[in-house]
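Colleague: Input run.cif, format and content: mmCIF, C-alpha atoms and all ligand atoms.
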data_structure
loop_
_atom_site.label_atom_id
_atom_site.label_comp_id
_atom_site.auth_asym_id
_atom_site.auth_seq_id
_atom_site.Cartn_x
_atom_site.Cartn_y
_atom_site.Cartn_z
CA MET K 10 129.53 122.76 49.57
CA THR K 11 127.06 124.28 52.03
CA THR K 12 124.24 122.02 53.21
CA THR K 13 120.85 123.25 52.02
CA LEU K 14 117.81 123.24 54.23
CA SER K 15 116.14 120.60 52.03
CA GLN K 16 119.16 118.33 52.32
CA ARG K 17 119.22 118.66 56.08
CA LEU K 18 115.48 118.02 56.47
CA SER K 19 115.33 115.06 54.13
CA ALA K 20 118.48 113.41 55.55
CA GLU K 21 117.20 113.73 59.13
CA LEU K 22 113.72 112.46 58.28
CA ALA K 23 115.13 109.55 56.27
CA GLY K 24 117.27 108.59 59.26
CA LEU K 25 114.25 108.56 61.55
CA ARG K 26 112.15 106.64 59.02
CA ASP K 27 114.87 104.03 58.48
CA SER K 28 115.31 103.40 62.19
CA GLY K 29 111.54 103.17 62.73
CA LEU K 30 111.56 106.21 65.03
CA LEU K 31 109.51 108.63 62.94
CA ILE K 32 106.61 109.93 65.02
CA ARG K 33 103.26 110.86 63.52
CA PRO K 34 101.03 112.08 66.35
CA ARG K 35 97.56 110.58 66.45
CA VAL K 36 94.86 113.23 66.29
CA LEU K 37 91.90 113.25 68.67
CA GLU K 38 88.76 114.33 66.85
CA ALA K 39 86.88 114.89 70.12
CA PRO K 40 87.80 116.30 73.56
CA GLN K 41 90.32 114.64 75.87
CA ARG K 42 88.07 112.23 77.74
CA ALA K 43 87.92 108.57 78.83
CA ARG K 44 86.08 107.90 75.58
CA THR K 45 87.11 109.88 72.56
CA HIS K 46 87.53 109.60 68.78
CA VAL K 47 90.86 108.68 67.12
CA GLY K 48 91.59 107.71 63.53
CA GLY K 49 87.89 107.43 62.66
CA VAL K 50 87.21 105.07 65.58
CA ASP K 51 85.37 105.59 68.87
CA VAL K 52 87.91 104.55 71.48
CA ILE K 53 88.40 103.94 75.16
CA ASN K 54 91.29 106.24 75.92
CA LEU K 55 94.12 104.70 77.93
CA ALA K 56 96.79 106.98 76.48
CA SER K 57 96.41 110.30 78.30
CA ASN K 58 97.84 111.77 81.52
CA ASN K 59 94.39 113.06 82.41
CA TYR K 60 94.35 111.13 85.72
CA LEU K 61 91.41 112.88 87.33
CA GLY K 62 89.44 113.55 84.16
CA PHE K 63 89.89 117.30 84.63
CA ALA K 64 90.93 118.22 81.06
CA ASP K 65 87.30 118.59 79.92
CA HIS K 66 85.64 119.04 83.32
CA PRO K 67 82.81 121.62 83.48
CA ALA K 68 84.08 123.23 86.71
CA LEU K 69 87.47 123.98 85.12
CA LYS K 70 85.90 125.23 81.90
CA GLU K 71 83.52 127.54 83.77
CA LYS K 72 86.21 129.18 85.87
CA ALA K 73 88.45 129.44 82.79
CA ALA K 74 85.63 131.23 80.97
CA ALA K 75 84.95 133.54 83.93
CA TYR K 76 88.64 134.55 84.19
CA LEU K 77 88.81 134.98 80.42
CA ARG K 78 85.86 137.38 80.48
CA GLU K 79 87.04 139.29 83.51
CA TRP K 80 90.81 139.37 82.97
CA GLY K 81 91.26 139.01 79.21
CA ALA K 82 92.88 136.62 76.79
CA GLY K 83 96.55 137.13 77.61
CA ALA K 84 98.96 138.26 80.33
CA GLY K 85 100.46 140.93 78.06
CA ALA K 86 104.07 140.82 79.27
CA VAL K 87 106.57 138.59 81.03
CA ARG K 88 105.73 138.24 84.70
CA THR K 89 108.62 140.43 85.95
CA ILE K 90 107.72 143.40 83.74
CA ALA K 91 103.95 143.90 83.66
CA GLY K 92 102.51 140.41 83.22
CA THR K 93 101.79 139.48 86.85
CA LEU K 94 98.05 139.74 87.43
CA ARG K 95 96.42 139.47 90.85
CA ILE K 96 95.06 136.03 89.84
CA HIS K 97 98.60 134.71 89.19
CA GLU K 98 99.69 135.58 92.72
CA ASP K 99 96.46 134.30 94.26
CA PHE K 100 96.88 130.95 92.54
CA GLU K 101 100.48 130.64 93.72
CA GLU K 102 99.34 131.23 97.31
CA GLN K 103 96.60 128.62 96.83
CA LEU K 104 99.21 126.16 95.54
CA ALA K 105 101.70 126.79 98.37
CA ALA K 106 98.91 126.30 100.93
CA PHE K 107 97.84 123.08 99.19
CA LYS K 108 101.42 121.77 99.14
CA HIS K 109 102.15 123.02 102.71
CA THR K 110 105.32 124.67 101.46
CA GLY K 111 106.90 128.01 102.34
CA SER K 112 106.43 129.26 98.79
CA ALA K 113 105.36 128.25 95.29
CA LEU K 114 106.01 129.73 91.87
CA VAL K 115 104.23 128.80 88.64
CA LEU K 116 106.09 128.64 85.33
CA GLN K 117 104.88 127.98 81.79
CA SER K 118 105.29 124.18 81.88
CA GLY K 119 106.89 121.32 83.73
CA PHE K 120 109.59 121.31 81.08
CA THR K 121 110.54 124.97 81.57
CA THR K 122 110.32 124.55 85.35
CA ASN K 123 113.18 122.04 85.32
CA GLN K 124 115.19 124.37 83.09
CA GLY K 125 114.47 127.36 85.30
CA VAL K 126 114.96 125.82 88.72
CA LEU K 127 117.99 123.62 88.02
CA GLY K 128 119.56 126.43 85.99
CA THR K 129 119.04 128.84 88.89
CA LEU K 130 120.10 126.69 91.81
CA LEU K 131 123.21 124.99 90.52
CA GLN K 132 126.58 126.73 90.26
CA PRO K 133 130.10 125.63 89.32
CA GLY K 134 131.53 123.55 92.16
CA ASP K 135 128.12 122.11 93.08
CA LEU K 136 127.32 118.42 92.78
CA VAL K 137 124.10 117.05 91.29
CA VAL K 138 123.28 113.35 91.46
CA SER K 139 120.44 112.24 89.20
CA ASP K 140 118.47 108.97 88.93
CA GLU K 141 119.39 107.20 85.67
CA LEU K 142 115.74 107.12 84.56
CA ASN K 143 114.92 110.78 85.18
CA HIS K 144 112.77 112.66 82.67
CA ALA K 145 114.27 114.35 79.58
CA SER K 146 113.43 117.82 80.93
CA ILE K 147 115.66 117.16 83.97
CA ILE K 148 118.48 116.00 81.71
CA ASP K 149 118.12 119.13 79.59
CA GLY K 150 117.88 121.32 82.71
CA LEU K 151 121.13 119.85 84.00
CA ARG K 152 122.83 120.55 80.67
CA LEU K 153 122.34 124.25 81.39
CA THR K 154 124.40 124.08 84.57
CA LYS K 155 128.13 123.92 85.25
CA ALA K 156 127.70 121.72 88.32
CA THR K 157 129.42 118.32 88.42
CA LYS K 158 126.85 115.77 87.20
CA LYS K 159 126.68 112.17 88.39
CA ILE K 160 124.12 109.40 87.91
CA PHE K 161 122.86 106.91 90.51
CA LYS K 162 121.20 103.58 89.75
CA HIS K 163 117.45 103.74 89.39
CA ALA K 164 115.69 104.10 92.76
CA ASP K 165 118.77 102.77 94.56
CA PRO K 166 119.58 104.53 97.88
CA ALA K 167 122.77 102.47 98.38
CA ASP K 168 124.13 103.56 95.00
CA LEU K 169 123.16 107.16 95.78
CA GLY K 170 125.21 106.86 98.99
CA ARG K 171 128.17 105.51 97.02
CA VAL K 172 128.09 108.42 94.54
CA LEU K 173 127.74 111.03 97.29
CA SER K 174 130.60 109.51 99.30
CA GLU K 175 132.89 109.48 96.25
CA ASN K 176 132.23 113.12 95.28
CA GLU K 177 132.84 115.46 98.21
CA THR K 178 132.36 119.21 97.63
CA ASP K 179 131.89 122.40 99.63
CA GLY K 180 129.21 123.50 97.17
CA LEU K 181 125.52 122.67 97.14
CA LYS K 182 124.68 118.99 96.73
CA LEU K 183 121.43 118.16 94.98
CA VAL K 184 119.83 114.74 94.59
CA VAL K 185 117.33 114.71 91.72
CA THR K 186 114.59 112.15 91.17
CA ASP K 187 111.18 111.78 89.59
CA GLY K 188 108.50 111.12 92.23
CA VAL K 189 106.72 108.58 90.01
CA PHE K 190 108.54 107.20 86.97
CA SER K 191 106.56 107.64 83.79
CA MET K 192 107.54 104.43 81.98
CA ASP K 193 107.31 101.82 84.77
CA GLY K 194 104.85 103.53 87.11
CA ASP K 195 107.06 102.88 90.15
CA ILE K 196 107.36 105.30 93.07
CA ALA K 197 110.79 106.65 94.06
CA PRO K 198 111.77 105.39 97.56
CA LEU K 199 111.83 108.99 98.78
CA ASP K 200 112.05 108.21 102.49
CA ARG K 201 115.30 106.28 101.98
CA LEU K 202 116.68 108.63 99.32
CA VAL K 203 116.14 111.67 101.57
CA GLU K 204 117.76 109.85 104.49
CA VAL K 205 120.90 109.16 102.42
CA ALA K 206 120.88 112.70 101.00
CA ARG K 207 120.73 114.18 104.53
CA LYS K 208 123.64 112.05 105.67
CA TYR K 209 125.77 113.91 103.11
CA GLY K 210 124.13 117.31 103.60
CA ALA K 211 122.40 117.13 100.21
CA VAL K 212 119.08 118.69 99.22
CA THR K 213 116.49 116.46 97.48
CA TYR K 214 114.70 117.69 94.35
CA VAL K 215 111.58 115.75 93.37
CA ASP K 216 109.94 116.12 89.97
CA ASP K 217 106.43 115.02 90.82
CA ALA K 218 104.79 115.34 87.40
CA HIS K 219 103.08 111.93 87.68
CA GLY K 220 102.61 112.01 91.47
CA SER K 221 100.68 115.24 91.94
CA GLY K 222 96.93 114.65 91.91
CA VAL K 223 97.64 110.92 92.24
CA LEU K 224 99.50 110.28 95.51
CA GLY K 225 99.29 111.77 99.00
CA GLU K 226 96.31 113.27 100.80
CA ALA K 227 94.01 115.00 98.24
CA GLY K 228 96.71 114.50 95.59
CA ARG K 229 99.34 116.60 97.34
CA GLY K 230 101.95 114.36 95.75
CA THR K 231 104.78 111.93 96.42
CA VAL K 232 106.49 114.16 99.00
CA HIS K 233 103.27 114.08 101.08
CA HIS K 234 102.87 110.37 100.47
CA PHE K 235 106.13 109.97 102.44
CA GLY K 236 105.30 112.69 105.01
CA LEU K 237 108.22 114.90 103.94
CA GLN K 238 106.24 118.06 103.09
CA ASP K 239 107.55 120.12 106.01
CA SER K 240 111.21 119.58 105.14
CA GLU K 241 113.16 122.64 104.06
CA ASP K 242 115.70 120.38 102.35
CA VAL K 243 113.14 118.99 99.88
CA ILE K 244 112.15 120.88 96.73
CA GLN K 245 109.08 119.81 94.79
CA VAL K 246 108.61 120.65 91.15
CA GLY K 247 105.91 119.33 88.90
CA THR K 248 103.47 119.93 86.15
CA LEU K 249 99.96 121.32 86.05
CA SER K 250 99.29 119.56 82.75
CA LYS K 251 98.81 115.96 83.88
CA ALA K 252 96.40 115.29 86.77
CA TRP K 253 95.53 118.99 86.96
CA GLY K 254 94.36 118.81 83.37
CA VAL K 255 95.57 122.15 82.02
CA VAL K 256 99.15 123.37 81.48
CA GLY K 257 101.98 124.77 83.57
CA GLY K 258 104.74 123.87 85.97
CA TYR K 259 105.54 124.82 89.54
CA ALA K 260 108.33 124.83 92.06
CA ALA K 261 107.36 124.63 95.73
CA GLY K 262 109.51 124.47 98.83
CA HIS K 263 111.70 126.74 100.98
CA ALA K 264 110.20 130.18 101.72
CA ASP K 265 113.01 131.95 99.82
CA LEU K 266 112.87 129.71 96.76
CA ARG K 267 110.13 131.70 95.03
CA GLU K 268 111.92 135.03 95.31
CA LEU K 269 115.20 133.70 93.99
CA LEU K 270 113.43 132.06 91.03
CA ILE K 271 111.58 135.30 90.23
CA ASN K 272 114.97 136.97 89.98
CA ARG K 273 116.94 134.29 88.19
CA ALA K 274 114.84 131.63 86.44
CA ARG K 275 115.22 132.38 82.76
CA PRO K 276 111.87 131.00 81.53
CA TYR K 277 110.19 133.18 84.17
CA LEU K 278 112.19 136.27 83.21
CA PHE K 279 112.07 135.94 79.44
CA SER K 280 108.81 134.18 78.52
CA THR K 281 105.25 135.41 79.07
CA GLY K 282 103.18 133.97 81.91
CA HIS K 283 99.92 132.08 81.68
CA PRO K 284 96.78 133.57 80.17
CA PRO K 285 93.92 134.15 82.66
CA ALA K 286 91.84 131.21 81.40
CA VAL K 287 94.66 128.82 82.35
CA VAL K 288 94.88 130.32 85.84
CA GLY K 289 91.11 130.03 86.30
CA ALA K 290 91.00 126.39 85.23
CA LEU K 291 93.92 125.50 87.50
CA SER K 292 92.39 127.25 90.47
CA ALA K 293 89.16 125.28 89.92
CA ALA K 294 91.18 122.04 89.69
CA LEU K 295 92.80 122.60 93.09
CA ASP K 296 89.42 123.38 94.65
CA LEU K 297 87.78 120.36 93.07
CA VAL K 298 90.33 117.79 94.21
CA GLN K 299 90.02 119.00 97.81
CA GLN K 300 86.23 119.30 97.85
CA GLU K 301 85.52 115.99 96.15
CA PRO K 302 87.71 113.07 97.29
CA GLU K 303 85.71 110.85 94.90
CA PHE K 304 88.06 111.75 92.04
CA MET K 305 91.07 110.17 93.68
CA GLU K 306 89.04 107.30 95.09
CA ARG K 307 87.78 106.40 91.61
CA LEU K 308 91.27 106.78 90.14
CA TRP K 309 92.65 104.26 92.63
CA ALA K 310 89.69 101.87 92.50
CA ASN K 311 90.01 101.78 88.69
CA THR K 312 93.78 101.35 88.95
CA ARG K 313 93.53 98.38 91.34
CA PHE K 314 90.79 96.72 89.29
CA PHE K 315 92.55 97.12 85.94
CA LYS K 316 95.92 95.86 87.21
CA ALA K 317 94.39 92.86 89.00
CA GLU K 318 92.38 91.84 85.92
CA LEU K 319 95.39 92.19 83.58
CA ALA K 320 97.42 90.00 85.93
CA ARG K 321 94.59 87.44 86.12
CA LEU K 322 94.62 87.26 82.31
CA GLY K 323 98.33 86.49 82.47
CA PHE K 324 99.85 89.85 81.46
CA ASP K 325 103.02 91.23 83.05
CA THR K 326 102.39 94.76 84.42
CA MET K 327 106.04 95.14 85.39
CA GLY K 328 105.58 95.87 89.10
CA SER K 329 103.83 99.21 88.57
CA GLU K 330 102.42 100.77 91.76
CA THR K 331 100.45 103.67 90.27
CA PRO K 332 97.77 104.33 87.61
CA ILE K 333 100.57 104.08 85.00
CA THR K 334 100.10 100.45 83.96
CA PRO K 335 102.64 99.04 81.50
CA VAL K 336 101.87 95.76 79.77
CA LEU K 337 105.04 93.98 78.65
CA PHE K 338 105.28 92.78 75.03
CA GLY K 339 109.08 92.40 74.75
CA GLU K 340 110.18 93.41 71.27
CA THR K 341 109.41 96.89 69.95
CA GLY K 342 107.61 95.50 66.90
CA ALA K 343 105.31 93.42 69.09
CA ALA K 344 104.35 96.39 71.26
CA PHE K 345 103.60 98.54 68.21
CA GLU K 346 101.59 95.77 66.61
CA ALA K 347 99.60 95.19 69.79
CA SER K 348 98.83 98.91 69.97
CA GLN K 349 97.51 98.79 66.36
CA ARG K 350 95.38 95.73 67.07
CA LEU K 351 93.97 97.31 70.22
CA LEU K 352 93.05 100.42 68.26
CA HIS K 353 91.08 98.26 65.81
CA GLN K 354 89.23 96.90 68.85
CA GLY K 355 88.44 100.40 70.10
CA VAL K 356 91.23 100.81 72.66
CA PHE K 357 93.67 103.69 72.37
CA ALA K 358 96.96 102.94 74.17
CA VAL K 359 100.49 103.72 73.00
CA GLY K 360 103.30 101.26 72.37
CA LEU K 361 106.72 102.27 73.67
CA GLY K 362 109.92 100.69 72.40
CA PHE K 363 113.66 101.24 72.29
CA PRO K 364 115.13 103.87 72.80
CA THR K 365 112.28 105.21 74.99
CA VAL K 366 112.52 102.05 77.11
CA PRO K 367 115.31 99.39 77.24
CA ARG K 368 115.60 96.76 74.47
CA GLY K 369 113.45 93.69 75.12
CA LEU K 370 111.16 95.64 77.49
CA ALA K 371 108.85 97.19 74.88
CA ARG K 372 105.40 97.67 76.29
CA ILE K 373 102.06 99.32 75.97
CA ARG K 374 101.60 102.03 78.54
CA ASN K 375 98.08 102.40 79.86
CA ILE K 376 96.98 105.20 82.12
CA VAL K 377 93.75 104.57 83.98
CA THR K 378 91.77 107.66 84.98
CA ALA K 379 89.03 108.57 87.45
CA GLU K 380 86.72 109.10 84.48
CA HIS K 381 86.75 105.50 83.20
CA THR K 382 83.63 103.52 84.07
CA ARG K 383 83.74 99.85 84.97
CA ASP K 384 82.18 99.23 81.57
CA ASP K 385 85.06 101.06 79.83
CA LEU K 386 87.61 98.97 81.68
CA ASP K 387 85.74 95.70 81.03
CA GLN K 388 85.71 96.47 77.31
CA ALA K 389 89.40 97.38 77.34
CA LEU K 390 90.23 94.13 79.19
CA ALA K 391 88.23 92.07 76.68
CA ALA K 392 90.22 93.69 73.85
CA TYR K 393 93.49 92.99 75.70
CA GLU K 394 92.48 89.36 76.15
CA ARG K 395 91.75 88.92 72.42
CA VAL K 396 94.94 90.67 71.30
CA GLY K 397 97.06 88.84 73.90
CA ARG K 398 95.78 85.46 72.69
CA GLU K 399 96.12 86.30 68.98
CA MET K 400 99.74 87.32 69.56
CA GLY K 401 100.55 84.44 71.90
CA VAL K 402 101.45 86.75 74.80
CA ILE K 403 98.98 85.04 77.12
CA GLY K 404 97.81 81.42 77.07
CA GLY K 405 94.45 80.02 76.05
C1 LIG R 1 105.54 115.30 81.68
C2 LIG R 1 106.73 115.58 82.52
C3 LIG R 1 107.34 116.83 82.50
C4 LIG R 1 106.90 117.91 81.54
O1 LIG R 1 105.75 118.56 81.98
P1 LIG R 1 104.98 119.55 80.98
O2 LIG R 1 104.15 120.37 81.89
O3 LIG R 1 104.21 118.72 80.06
O4 LIG R 1 106.03 120.36 80.29
C5 LIG R 1 108.40 117.07 83.35
N1 LIG R 1 108.86 116.11 84.18
C6 LIG R 1 108.31 114.88 84.22
C7 LIG R 1 108.84 113.85 85.17
C8 LIG R 1 107.22 114.57 83.39
O5 LIG R 1 106.68 113.35 83.43
#
Would you kindly transcribe this structure into structure tokens?
Modeller:
Amino acid sequence: MTTTLSQRLSAELAGLRDSGLLIRPRVLEAPQRARTHVGGVDVINLASNNYLGFADHPALKEKAAAYLREWGAGAGAVRTIAGTLRIHEDFEEQLAAFKHTGSALVLQSGFTTNQGVLGTLLQPGDLVVSDELNHASIIDGLRLTKATKKIFKHADPADLGRVLSENETDGLKLVVTDGVFSMDGDIAPLDRLVEVARKYGAVTYVDDAHGSGVLGEAGRGTVHHFGLQDSEDVIQVGTLSKAWGVVGGYAAGHADLRELLINRARPYLFSTGHPPAVVGALSAALDLVQQEPEFMERLWANTRFFKAELARLGFDTMGSETPITPVLFGETGAAFEASQRLLHQGVFAVGLGFPTVPRGLARIRNIVTAEHTRDDLDQALAAYERVGREMGVIGG
């Protein structure tokens, strides 16, 4: 007998419910800011990717409004047909100059960028070697290709060397890694990964979603952090929805990369480009981060303070090196319960358990932003101390 839609939906949802994996997104009843309103409670927000506090920043909103008035509400067509406005091209030039790369192309999101770029570059006979903890959008992007796919151990240049030495090919070799890993907040050892990649003639592809606006001079990203920006054998992709506060993805690198993507990247060819308001807000974000170094300074001062205080209280922040600050709780249930208790104390931070992170390493992931005041962080730390003691995670 044919499966009905109701049967399919209820069976799938029951499966998720039974395994404790059913997601019900929390709803913010106020703008995305360091303090917001969730579930009827005023909260200190440690759950966003809004590193620089740009999501509700007046400079972004003003330029978004100006572009909206001048250029309209929508692009009106896919970019290759009639949807490329002057402001799209201007922003891409601004981004390439910021990144010091030969070219840059903007796509709808970080997710579609990985689909578009990996799908375009890789052909049958090519070899792609991917860090075992890479983001889901990379994994999906690689599924679209017929290249040979191999995994190397997380952030392990020696294992990368082993995989490259065991898989010789005349095709293109691509090493793929996140710049900053979203669950642990560690930075990929790009200098050593690129060195190994070069030894085997491989190109390095860095998804810098959590590094852009966070690392490198004026937030130019992980590739700049390691001084590799002028390398033609390094491709940077990333998102414009995290530190940059809006939405979008980009690919930046070799001078010819942009033109090939325009011709081949399927999300670029078959899905409409950004509305003018998005372009305006993004352009303001790039200006702001370069004109006012205070944003990054505050982000890092807050990051250092918050991590040091959590450690002093006795929490394990799992070796994180960036504003992504995990706090280890161990079992999934404990992390979820801690997240609930924190919310009751006015702190909004998400618990992450298996299968998002390995069994036994369930945690709460906090992201500190430039917008948090010392007062916000003190209050969050006081809540952590109470919850940690109640649950026996820290002593005292
Ligand atoms: C968040 C993220 C993405 C997706 O970016 P969006 O712009 O939100 O689609 C891609 N890659 C990595 C590593 C990410 O962390």
Colleague: Using all atoms listed in the file, tabulate the residues of chain K lying at most 7 Å from any atom of ligand LIG 1 (chain R), each with its closest atom pair and that distance in Å to one decimal, by chain and increasing residue number, as a tab-separated table.
Modeller:
residue	atom	partner	partner_atom	distance
K:Ser118	CA	R:LIG1	O2	4.0
K:Gly119	CA	R:LIG1	O2	3.4
K:Phe120	CA	R:LIG1	O4	3.8
K:Thr121	CA	R:LIG1	O4	6.6
K:Asn143	CA	R:LIG1	C7	6.8
K:His144	CA	R:LIG1	C7	4.8
K:Ser146	CA	R:LIG1	C5	5.6
K:Ile147	CA	R:LIG1	N1	6.9
K:Asp187	CA	R:LIG1	C7	5.4
K:Phe190	CA	R:LIG1	C7	6.9
K:Ser191	CA	R:LIG1	O5	5.7
K:Asp216	CA	R:LIG1	C7	5.4
K:Asp217	CA	R:LIG1	C7	6.3
K:Ala218	CA	R:LIG1	C8	4.8
K:His219	CA	R:LIG1	O5	5.7
K:Gly247	CA	R:LIG1	N1	6.4
K:Thr248	CA	R:LIG1	O2	4.3
K:Leu249	CA	R:LIG1	O2	6.0
K:Ser250	CA	R:LIG1	O2	5.0
K:Val256	CA	R:LIG1	O2	5.8
K:Gly257	CA	R:LIG1	O2	5.2
K:Gly258	CA	R:LIG1	O2	5.4
Colleague: Looking at all atoms listed in the file, which of K:Asn375, K:Ser139, K:Ser292, K:Gln132 is the one that sits closest to Thr213 (chain K)?
Modeller: K:Ser139
Colleague: Which residues, written as a ChimeraX atom specification, have at least one atom at most 10 Å from region 273-288 of chain K, with only C-alpha atoms counted and residues fewer than 5 positions away on the same chain left out?
Modeller: /K:69-94,96-101,114-118,120-130,249,255-257,267-268,293-294
Colleague: Would you put the residues from that selection into a file with C-alpha atoms, as a short mmCIF file (atom, residue, chain, number, x, y, z; two decimals), keeping the file's coordinate frame?
Modeller:
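Listed below is the output, selection_16.cif:
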data_model
loop_
_atom_site.label_atom_id
_atom_site.label_comp_id
_atom_site.auth_asym_id
_atom_site.auth_seq_id
_atom_site.Cartn_x
_atom_site.Cartn_y
_atom_site.Cartn_z
CA LEU K 69 87.47 123.98 85.12
CA LYS K 70 85.90 125.23 81.90
CA GLU K 71 83.52 127.54 83.77
CA LYS K 72 86.21 129.18 85.87
CA ALA K 73 88.45 129.44 82.79
CA ALA K 74 85.63 131.23 80.97
CA ALA K 75 84.95 133.54 83.93
CA TYR K 76 88.64 134.55 84.19
CA LEU K 77 88.81 134.98 80.42
CA ARG K 78 85.86 137.38 80.48
CA GLU K 79 87.04 139.29 83.51
CA TRP K 80 90.81 139.37 82.97
CA GLY K 81 91.26 139.01 79.21
CA ALA K 82 92.88 136.62 76.79
CA GLY K 83 96.55 137.13 77.61
CA ALA K 84 98.96 138.26 80.33
CA GLY K 85 100.46 140.93 78.06
CA ALA K 86 104.07 140.82 79.27
CA VAL K 87 106.57 138.59 81.03
CA ARG K 88 105.73 138.24 84.70
CA THR K 89 108.62 140.43 85.95
CA ILE K 90 107.72 143.40 83.74
CA ALA K 91 103.95 143.90 83.66
CA GLY K 92 102.51 140.41 83.22
CA THR K 93 101.79 139.48 86.85
CA LEU K 94 98.05 139.74 87.43
CA ILE K 96 95.06 136.03 89.84
CA HIS K 97 98.60 134.71 89.19
CA GLU K 98 99.69 135.58 92.72
CA ASP K 99 96.46 134.30 94.26
CA PHE K 100 96.88 130.95 92.54
CA GLU K 101 100.48 130.64 93.72
CA LEU K 114 106.01 129.73 91.87
CA VAL K 115 104.23 128.80 88.64
CA LEU K 116 106.09 128.64 85.33
CA GLN K 117 104.88 127.98 81.79
CA SER K 118 105.29 124.18 81.88
CA PHE K 120 109.59 121.31 81.08
CA THR K 121 110.54 124.97 81.57
CA THR K 122 110.32 124.55 85.35
CA ASN K 123 113.18 122.04 85.32
CA GLN K 124 115.19 124.37 83.09
CA GLY K 125 114.47 127.36 85.30
CA VAL K 126 114.96 125.82 88.72
CA LEU K 127 117.99 123.62 88.02
CA GLY K 128 119.56 126.43 85.99
CA THR K 129 119.04 128.84 88.89
CA LEU K 130 120.10 126.69 91.81
CA LEU K 249 99.96 121.32 86.05
CA VAL K 255 95.57 122.15 82.02
CA VAL K 256 99.15 123.37 81.48
CA GLY K 257 101.98 124.77 83.57
CA ARG K 267 110.13 131.70 95.03
CA GLU K 268 111.92 135.03 95.31
CA ALA K 293 89.16 125.28 89.92
CA ALA K 294 91.18 122.04 89.69
#
Colleague: Would you work out the distance separating CA of Gln388 (chain K) from CA of Arg374 (chain K), expressed in Å to one decimal?
Modeller: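 Computed distance, CA of Gln388 (chain K) to CA of Arg374 (chain K), equals 16.9 Å.
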Colleague: Which is closest to Leu142 (chain K) among K:Val366, K:Met400, K:Val52, K:Ala290, if we use all atoms listed in the file?
Modeller: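 Ranked by minimum distance to Leu142 (chain K), first place goes to K:Val366.
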Colleague: Record the distance separating CA of Leu266 (chain K) and CA of Ala113 (chain K), expressed in Å with one decimal.
Modeller: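 CA of Ala113 (chain K) lies at a distance of 7.8 Å from CA of Leu266 (chain K).
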Colleague: From the options K:Pro332, K:Glu241, K:Thr341, K:Lys251, which residue's atoms come nearest to Arg307 (chain K), counting only C-alpha atoms?
Modeller: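 Ranking K:Pro332, K:Glu241, K:Thr341, K:Lys251 by distance to Arg307 (chain K), first place goes to K:Pro332.
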Colleague: Residues within 6 Å of region 21-37 of chain K, please, as a PyMOL selection string. Count only C-alpha atoms; anything in the same chain fewer than 3 positions from it doesn't count.
Modeller: chain K and resi 18+46-47
Colleague: With C-alpha atoms retained, export the selected residues as a CSV table (one decimal), keeping the file's coordinate frame.
Modeller:
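Final output, out07.csv:
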chain,number,residue,atom,x,y,z
K,18,LEU,CA,115.5,118.0,56.5
K,46,HIS,CA,87.5,109.6,68.8
K,47,VAL,CA,90.9,108.7,67.1
Colleague: When distances are computed from all atoms listed in the file, which of K:Ala43, K:Gly111, K:Phe235, K:Glu303 shows the smallest separation from His263 (chain K)?
Modeller: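 The shortest atom-to-atom distance to His263 (chain K) comes from K:Gly111.
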Colleague: Can you work out the spacing between CA of Tyr393 (chain K) and CA of Val223 (chain K) in Å, to one decimal?
Modeller: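 Pair CA of Tyr393 (chain K) / CA of Val223 (chain K) returns 24.7 Å.
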Colleague: Extending 4 Å beyond the listed atoms of region 128-136 of chain K on each side, what axis-aligned box results? I want centre and edge lengths in Å to one decimal, as JSON.
Modeller:
{"center_x": 125.3, "center_y": 123.6, "center_z": 89.5, "size_x": 20.5, "size_y": 18.4, "size_z": 15.1}
Colleague: Under the rule that only C-alpha atoms are counted, which of K:Phe314, K:Tyr259, K:Trp253, K:Phe357 is the nearest residue to Leu55 (chain K)?
Modeller: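 Of the candidates, the smallest distance to Leu55 (chain K) is held by K:Phe357.
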Colleague: When you look at Gly404 (chain K) with a cut-off of 12 Å (counting only C-alpha atoms), what residues show up, excluding the ones that are within fewer than 2 positions of it in the same chain? I need them as a JSON list (two decimals) with C-alpha atoms, keeping the file's coordinate frame.
Modeller:
[["chain", "number", "residue", "atom", "x", "y", "z"],
["K", 321, "ARG", "CA", 94.59, 87.44, 86.12],
["K", 322, "LEU", "CA", 94.62, 87.26, 82.31],
["K", 323, "GLY", "CA", 98.33, 86.49, 82.47],
["K", 324, "PHE", "CA", 99.85, 89.85, 81.46],
["K", 394, "GLU", "CA", 92.48, 89.36, 76.15],
["K", 395, "ARG", "CA", 91.75, 88.92, 72.42],
["K", 396, "VAL", "CA", 94.94, 90.67, 71.30],
["K", 397, "GLY", "CA", 97.06, 88.84, 73.90],
["K", 398, "ARG", "CA", 95.78, 85.46, 72.69],
["K", 399, "GLU", "CA", 96.12, 86.30, 68.98],
["K", 400, "MET", "CA", 99.74, 87.32, 69.56],
["K", 401, "GLY", "CA", 100.55, 84.44, 71.90],
["K", 402, "VAL", "CA", 101.45, 86.75, 74.80]]
Colleague: Using only C-alpha atoms, which of the listed residues (K:Phe107, K:Tyr209, K:Trp309, K:Phe338) sits closest to Arg229 (chain K)?
Modeller: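 Using only C-alpha atoms, Arg229 (chain K) sits closest to K:Phe107.
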Colleague: Show which residues sit within 6 Å of Ser112 (chain K), as a list of chain:residue names. Count all atoms listed in the file, and ignore same-chain residues fewer than 5 positions away.
Modeller: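 Non-adjacent residues within range: K:Ala105, K:Ala261, K:Gly262, K:Ala264, K:Arg267.
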